[in-house]
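For reference, the structure is listed below as structure tokens.
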Amino acid sequence: MSAVREHAAPPVGEHRGRTPDRPRVDPGHRVLRVRAGRLQARVPVRTLLVTATLGGLTLALAVVGLGVGDVDLPPVQVLSALLGGGEDLTRLVVVEWRLPRVLAAVVFGAALGVSGGIFQSLTRNPLASPDVIGFAAGSYTGALLVVVTVGGGYALVAGGALVGGVLTAAAVYLLAYRRGVAGFRLVVVGIGVSAMLGSLNTFLLLRADLEVALSAATWGAGTLSSTGWSQVLVGGATVLVLLVVVASRSGDLRQLELGDDAARATGVHAEPARLVLVVAGVALVAAVTAAAGPIAFVALAAPQIARRVMRTAGTTLVGAAAVGALVLLAADLVAQHVLPTTLPVGVVTVVVGGAYLVWLLVREARRRL
Amino acid sequence: MAEASATSAPTSRTARGGVAASNARRGAGLLVALAVLVVAVLASIAVGSRQIPVPVVLDALFSYDPSVDDHVVVWQLRVPRTVVGLAVGLALGAAGALVQALTRNPLAEPGLLGVNAGAAFAVALGVAVFGVTRVEASVWFAFGGALAVTVAVYLIGSTGRGGADPVRLVLAGVALGAVLQGVTTGLVLLDPRAFDQLRAWNAGSLVGRDLDLLLGVLPYLAVGVVVALLAARPLDAIALGEDLAAAVGAPVAVTRVGVVLAVTLLAGGATALAGPISFVGLMVPHVARWVVGPDQRWILAYVLVLAPVLLLGSDVLGRVLMSPGEVPVGIVTAFVGAPVLVLLVRRHRASGL
């Protein structure tokens, strides 16, 4: 994409590149044009800079995260261990112990951010997230049922969470279906079903032994503490495939934001396109939830933060992914190292995300004074 | 929200007036609802894990004999529980009607203003930090937490020009609620005793709440109900939109403060007594609006009768379902309420505001 390959472009006549006779559109901000073969993209410079900055920050935090813990390592040693040098012990600590967790935070954070972006675009509601269609509550129910009946085991809990979440999301989608799924109806049905499953979860917790209930609740808050290489590889591969699917459909998403009629007018099959996007969004969260439990608020906050930092009109999925990765990584570092005791990362994301929303409200009020 | 308001447009007489179009019919409907309430009260006194025949129950009510065990069960356990259920249901219903009218949002419920999150946080704090274990003490922690958080939500939501905009109020409630919920989760995960207490409290239950406890909270509930009744007419005007309401002379700002106060007292008191009970405050105003149309005075009258019916009915159901064990009432209301909500939203014409 990055290369501007004039020569390799097939001869398509006047569609190619600059046409001096057409009036130039001024988008109001500086835009970088990228051409690769027949494809052409216009990327606002600010978006590019912000994404690069976010990526750089994430990398820096990752190096910090790989370096701190019971054995503190300076960044130089971390980097050399990553490149295969250094002492064996250092490599063990960095690559085998800490790297999976850091990678998980980055990949899963990006997945949550994109998923939130999809749902906020589709429902045209800045407070929407995959949780609105009941995924979090359903996956918690599935995991709890496994813990209460079988007693647990990582793979079983993950499987239970997946089945519970997907069944719930499907049920909500079908219940909201009435000659198409309107965003509003989807949200309301999701709230109802989530509330019902939430109280079922409370009941299951109430009837379980205290020990079992406590460990289930830790999982239910969302934690990265038990992620090893196997979870990261499986979860990461799933997430990457899904991200490719979403990227190929991001054009449809933008058209659907205009409303079904307008989207249809531009040639988008509204209902199937929405279904694909919803399924991809749910699958992204499902991959994360199976590996790390329902981590709250990243999906909700990341697209909103991205929009404000990048000053774009709508949700940008790339921005949401970058912010999600940074936020989850930072939250996990706080959960591990800053607090006096280690807590599930989900606790930190909820507090930070909520506090951010409060701050946003207060700031918006000030601006109106 | 756009769809709800569009579909609730007054397209016909029934759309404006609800199912019962005339005041005579509304009054008749209210009498029927009262009769149902009486049945619910009697059922709540008569049904329980201990099988007591109906004649013995009546005996216990009208000629109490402290030497008969069944009579003691009726008077010491079931009557207080029923009375508390009545008060909690009534308070939650009224709070729900007020919140929906104030925010002009048919999906608003009292918990949106942060009541539940504040109460839960205070209960967790009470157990973890102050070692509170008795229901009597945790009620006041819950009430205090609910009050404090609602005030904070109001302050956050009303900073800036133009005072408390309902949308900002709800957003502030959601945001602050999330922060508190996170802190609460962290708190209880570190303290197994607090976790144990809170998981029981979270279910919402009427077990073991005696009349002394209710008497302590009752004055606050009473103030809340009185404010709710006074606010009914101004709220009808506010339903037209706040600018129009001000133009026809309704005291918009005063009403807003009063309604937030009433919701805080009602929902805070109910949550303090019974824990977070979902759907009563959301669903009953819906049903009432569907029956009587958009007149707040009739809606309130119906809600004050129907909400206790739902709560007591759910409580009785919870006692029967897993007898001799119990399903906490908050869980039953969610299981009764969620399907109704789904049906409501699937109906073509939602009973919007």
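Within each chain, counting starts at residue 1; across the structure tokens, chains are named A, B, ... in the order shown, with ligands numbered 1 upward in that order.
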
(request) Please identify which residues in range 171-284 of chain B DSSP calls alpha helix (DSSP H) from the backbone, and express them as a PyMOL selection string. (result) chain B and resi 171-190+192-203+211-238+242-247+252-274+280-284

(request) Would you mind listing what lies within 9 Å of range 35-49 of chain B as a ChimeraX atom specification, with only C-alpha atoms counted and same-chain residues fewer than 3 positions away left out? (result) /B:30-32,52-54,57-58,74-75,77-79,81-83,86,305-306,308-310,312-313,315-316,319-320,323-326

(request) For Arg249 in chain A, please output as a list in words all residues within 10 Å (counting only C-alpha atoms; exclusion window: fewer than 5 positions along the same chain). (result)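 Within the cut-off, the hits are Leu243, Val244, Arg254, Ala273, Arg274, Val276, Leu277 and Ala280 of chain A.
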
Next, write the just-selected residues to a file, as a compact mmCIF listing (two decimals), in the first residue's frame, keeping C-alpha atoms as the atom set.
# COMPACT_ATOMS: atom_id res chain seq x y z
CA LEU A 243 -9.65 -8.28 11.43
CA VAL A 244 -8.98 -9.03 7.76
CA ARG A 254 -19.43 3.36 6.47
CA ALA A 273 -23.71 -6.80 5.21
CA ARG A 274 -24.93 -6.02 8.72
CA VAL A 276 -21.51 -10.27 8.46
CA LEU A 277 -20.33 -7.29 10.50
CA ALA A 280 -17.40 -10.60 12.96

(request) Compile the contact shell of range 248-253 of chain B as an MDAnalysis selection string: residues with an atom at most 12 Å away, counting only C-alpha atoms, same-chain residues fewer than 2 positions apart removed. (result) chainID B and resid 102 158 162:166 230:246 255:260

Would you export the selected residues with C-alpha atoms as a short mmCIF file (atom, residue, chain, number, x, y, z; two decimals), in the first residue's frame, please?
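Result saved to result_17.cif:
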data_model
loop_
_atom_site.label_atom_id
_atom_site.label_comp_id
_atom_site.auth_asym_id
_atom_site.auth_seq_id
_atom_site.Cartn_x
_atom_site.Cartn_y
_atom_site.Cartn_z
CA LEU B 102 -38.18 13.25 33.51
CA SER B 158 -25.90 19.63 35.86
CA GLY B 162 -28.71 25.05 31.17
CA GLY B 163 -28.76 22.94 34.33
CA ALA B 164 -29.43 19.23 34.47
CA ASP B 165 -30.01 17.98 30.96
CA PRO B 166 -31.63 14.52 31.23
CA LEU B 230 -47.05 16.91 43.27
CA ALA B 231 -44.82 16.57 40.21
CA ALA B 232 -47.39 14.73 38.10
CA ARG B 233 -48.92 17.78 36.43
CA PRO B 234 -45.67 19.65 35.68
CA LEU B 235 -44.30 16.40 34.26
CA ASP B 236 -47.22 16.26 31.85
CA ALA B 237 -46.15 19.67 30.61
CA ILE B 238 -42.49 18.63 30.41
CA ALA B 239 -43.55 15.75 28.18
CA LEU B 240 -44.17 18.41 25.52
CA GLY B 241 -40.52 19.36 25.61
CA GLU B 242 -38.85 21.61 28.14
CA ASP B 243 -39.08 24.86 26.20
CA LEU B 244 -42.78 24.40 25.58
CA ALA B 245 -43.28 23.40 29.21
CA ALA B 246 -41.64 26.62 30.36
CA THR B 255 -39.76 20.02 38.98
CA ARG B 256 -36.47 18.62 37.79
CA VAL B 257 -34.81 19.03 41.17
CA GLY B 258 -37.88 17.69 42.96
CA VAL B 259 -38.14 14.63 40.71
CA VAL B 260 -34.46 13.78 41.11
#

(message) as a VMD selection string, please: the residues near range 333-349 of chain B (cut-off 6 Å, only C-alpha atoms, same-chain neighbours under 4 positions excluded).
(response) (chain A and resid 189 192 196) or (chain B and resid 7 278 to 279 314)

Written selection (C-alpha atoms) as a PDB file, in the first residue's frame:
ATOM      1  CA  VAL A 189     -33.720  -6.679  23.439  1.00  0.00           C
ATOM      2  CA  GLY A 192     -33.529  -7.214  28.522  1.00  0.00           C
ATOM      3  CA  MET A 196     -32.092 -11.674  32.747  1.00  0.00           C
TER       4      MET A 196
ATOM      5  CA  THR B   7     -44.015   5.058  16.562  1.00  0.00           C
ATOM      6  CA  SER B 278     -34.493  -4.925  38.380  1.00  0.00           C
ATOM      7  CA  PHE B 279     -37.345  -4.378  35.967  1.00  0.00           C
ATOM      8  CA  SER B 314     -42.540 -12.507  42.031  1.00  0.00           C
TER       9      SER B 314
END

Within 10 Å of Gly182 in chain B using only C-alpha atoms, minus same-chain residues under 5 positions, as a compact mmCIF listing (two decimals) with C-alpha atoms, in the first residue's frame:
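Saved to selection14.txt:
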# COMPACT_ATOMS: atom_id res chain seq x y z
CA ALA A 221 -14.10 -9.47 35.84
CA ALA A 296 -15.40 -4.46 30.21
CA GLY A 346 -11.18 -5.79 33.93
CA VAL A 347 -11.48 -3.97 37.25
CA VAL A 348 -8.96 -1.38 36.09
CA THR A 349 -10.53 -0.90 32.65
CA VAL A 350 -13.97 -0.31 34.18
CA VAL A 351 -12.66 2.27 36.63
CA VAL A 352 -10.46 4.04 34.09
CA GLY A 353 -13.12 3.96 31.38
CA GLY A 354 -15.83 5.26 33.69
CA ALA B 117 -24.01 1.13 42.08
CA PHE B 121 -20.42 0.17 46.82
CA LEU B 176 -20.07 7.01 37.74
CA GLY B 177 -21.89 3.71 38.15
CA LEU B 187 -12.90 -4.52 46.88

Using only C-alpha atoms, what does the table of chain A residues within 8 Å of chain B look like, with each row giving the shortest atom pair and its distance in Å to one decimal, sorted by chain and ascending number, as a Markdown table?
| residue | atom | partner | partner_atom | distance |
| --- | --- | --- | --- | --- |
| A:Leu175 | CA | B:Val342 | CA | 7.5 |
| A:Ala176 | CA | B:Arg346 | CA | 7.1 |
| A:Arg178 | CA | B:Arg346 | CA | 7.6 |
| A:Phe184 | CA | B:Met1 | CA | 6.5 |
| A:Arg185 | CA | B:Val345 | CA | 6.4 |
| A:Val188 | CA | B:Val345 | CA | 7.2 |
| A:Val189 | CA | B:Val342 | CA | 5.4 |
| A:Gly192 | CA | B:Ala338 | CA | 4.7 |
| A:Val193 | CA | B:Ala338 | CA | 6.2 |
| A:Ala195 | CA | B:Ala334 | CA | 6.5 |
| A:Met196 | CA | B:Ala334 | CA | 5.1 |
| A:Ser199 | CA | B:Ile331 | CA | 5.2 |
| A:Leu200 | CA | B:Ile331 | CA | 6.8 |
| A:Thr202 | CA | B:Ala203 | CA | 6.0 |
| A:Phe203 | CA | B:Ala203 | CA | 6.8 |
| A:Leu205 | CA | B:Arg199 | CA | 7.0 |
| A:Leu206 | CA | B:Arg199 | CA | 6.0 |
| A:Leu210 | CA | B:Asp196 | CA | 6.7 |
| A:Leu214 | CA | B:Leu189 | CA | 6.8 |
| A:Ala217 | CA | B:Leu189 | CA | 7.6 |
| A:Thr218 | CA | B:Leu189 | CA | 6.9 |
| A:Ala221 | CA | B:Thr185 | CA | 7.7 |
| A:Leu343 | CA | B:Gly186 | CA | 6.7 |
| A:Pro344 | CA | B:Gly186 | CA | 7.9 |
| A:Gly346 | CA | B:Gly182 | CA | 7.9 |
| A:Val347 | CA | B:Gly182 | CA | 4.9 |
| A:Val348 | CA | B:Gly182 | CA | 7.0 |
| A:Val350 | CA | B:Gly182 | CA | 5.3 |
| A:Val351 | CA | B:Val179 | CA | 4.2 |
| A:Val352 | CA | B:Val179 | CA | 7.2 |
| A:Gly353 | CA | B:Val179 | CA | 7.6 |
| A:Gly354 | CA | B:Ala175 | CA | 4.6 |
| A:Ala355 | CA | B:Val179 | CA | 6.2 |
| A:Leu357 | CA | B:Ala175 | CA | 5.7 |
| A:Val358 | CA | B:Ala175 | CA | 5.8 |
| A:Leu361 | CA | B:Ala172 | CA | 7.2 |
| A:Val362 | CA | B:Ile156 | CA | 6.5 |
| A:Ala365 | CA | B:Gly160 | CA | 4.5 |
| A:Arg366 | CA | B:Gly160 | CA | 5.8 |
| A:Arg368 | CA | B:Gly160 | CA | 6.3 |
| A:Leu369 | CA | B:Gly160 | CA | 5.5 |

(message) I want to know what sits within 9 Å of range 150-159 of chain A, based on only C-alpha atoms, with residues of the same chain fewer than 3 positions away left out; could you give that as JSON, numbers by chain?
(response) {"A": [139, 142, 143, 144, 145, 146, 147, 162, 163, 164, 212, 226, 289, 290, 291, 292, 293]}

(message) One number please: CA of Val323 in chain A to CA of Val338 in chain A, in Å, one decimal.
(response)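 Distance between the two atoms: 20.7 Å.
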
(request) Find the residue from A:Gln77, A:Ser215, A:Ser194, A:Thr47 that sits nearest to Ala320 in chain A; use only C-alpha atoms when measuring. (result)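 Residue with the minimum atom-to-atom distance to Ala320 in chain A: A:Thr47.
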
(request) Could you jot down the CA of Ala122 in chain B to CA of Ser225 in chain A separation for me, Å, one decimal place? (result)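 If I compute the distance from CA of Ala122 in chain B to CA of Ser225 in chain A, I get 28.4 Å.
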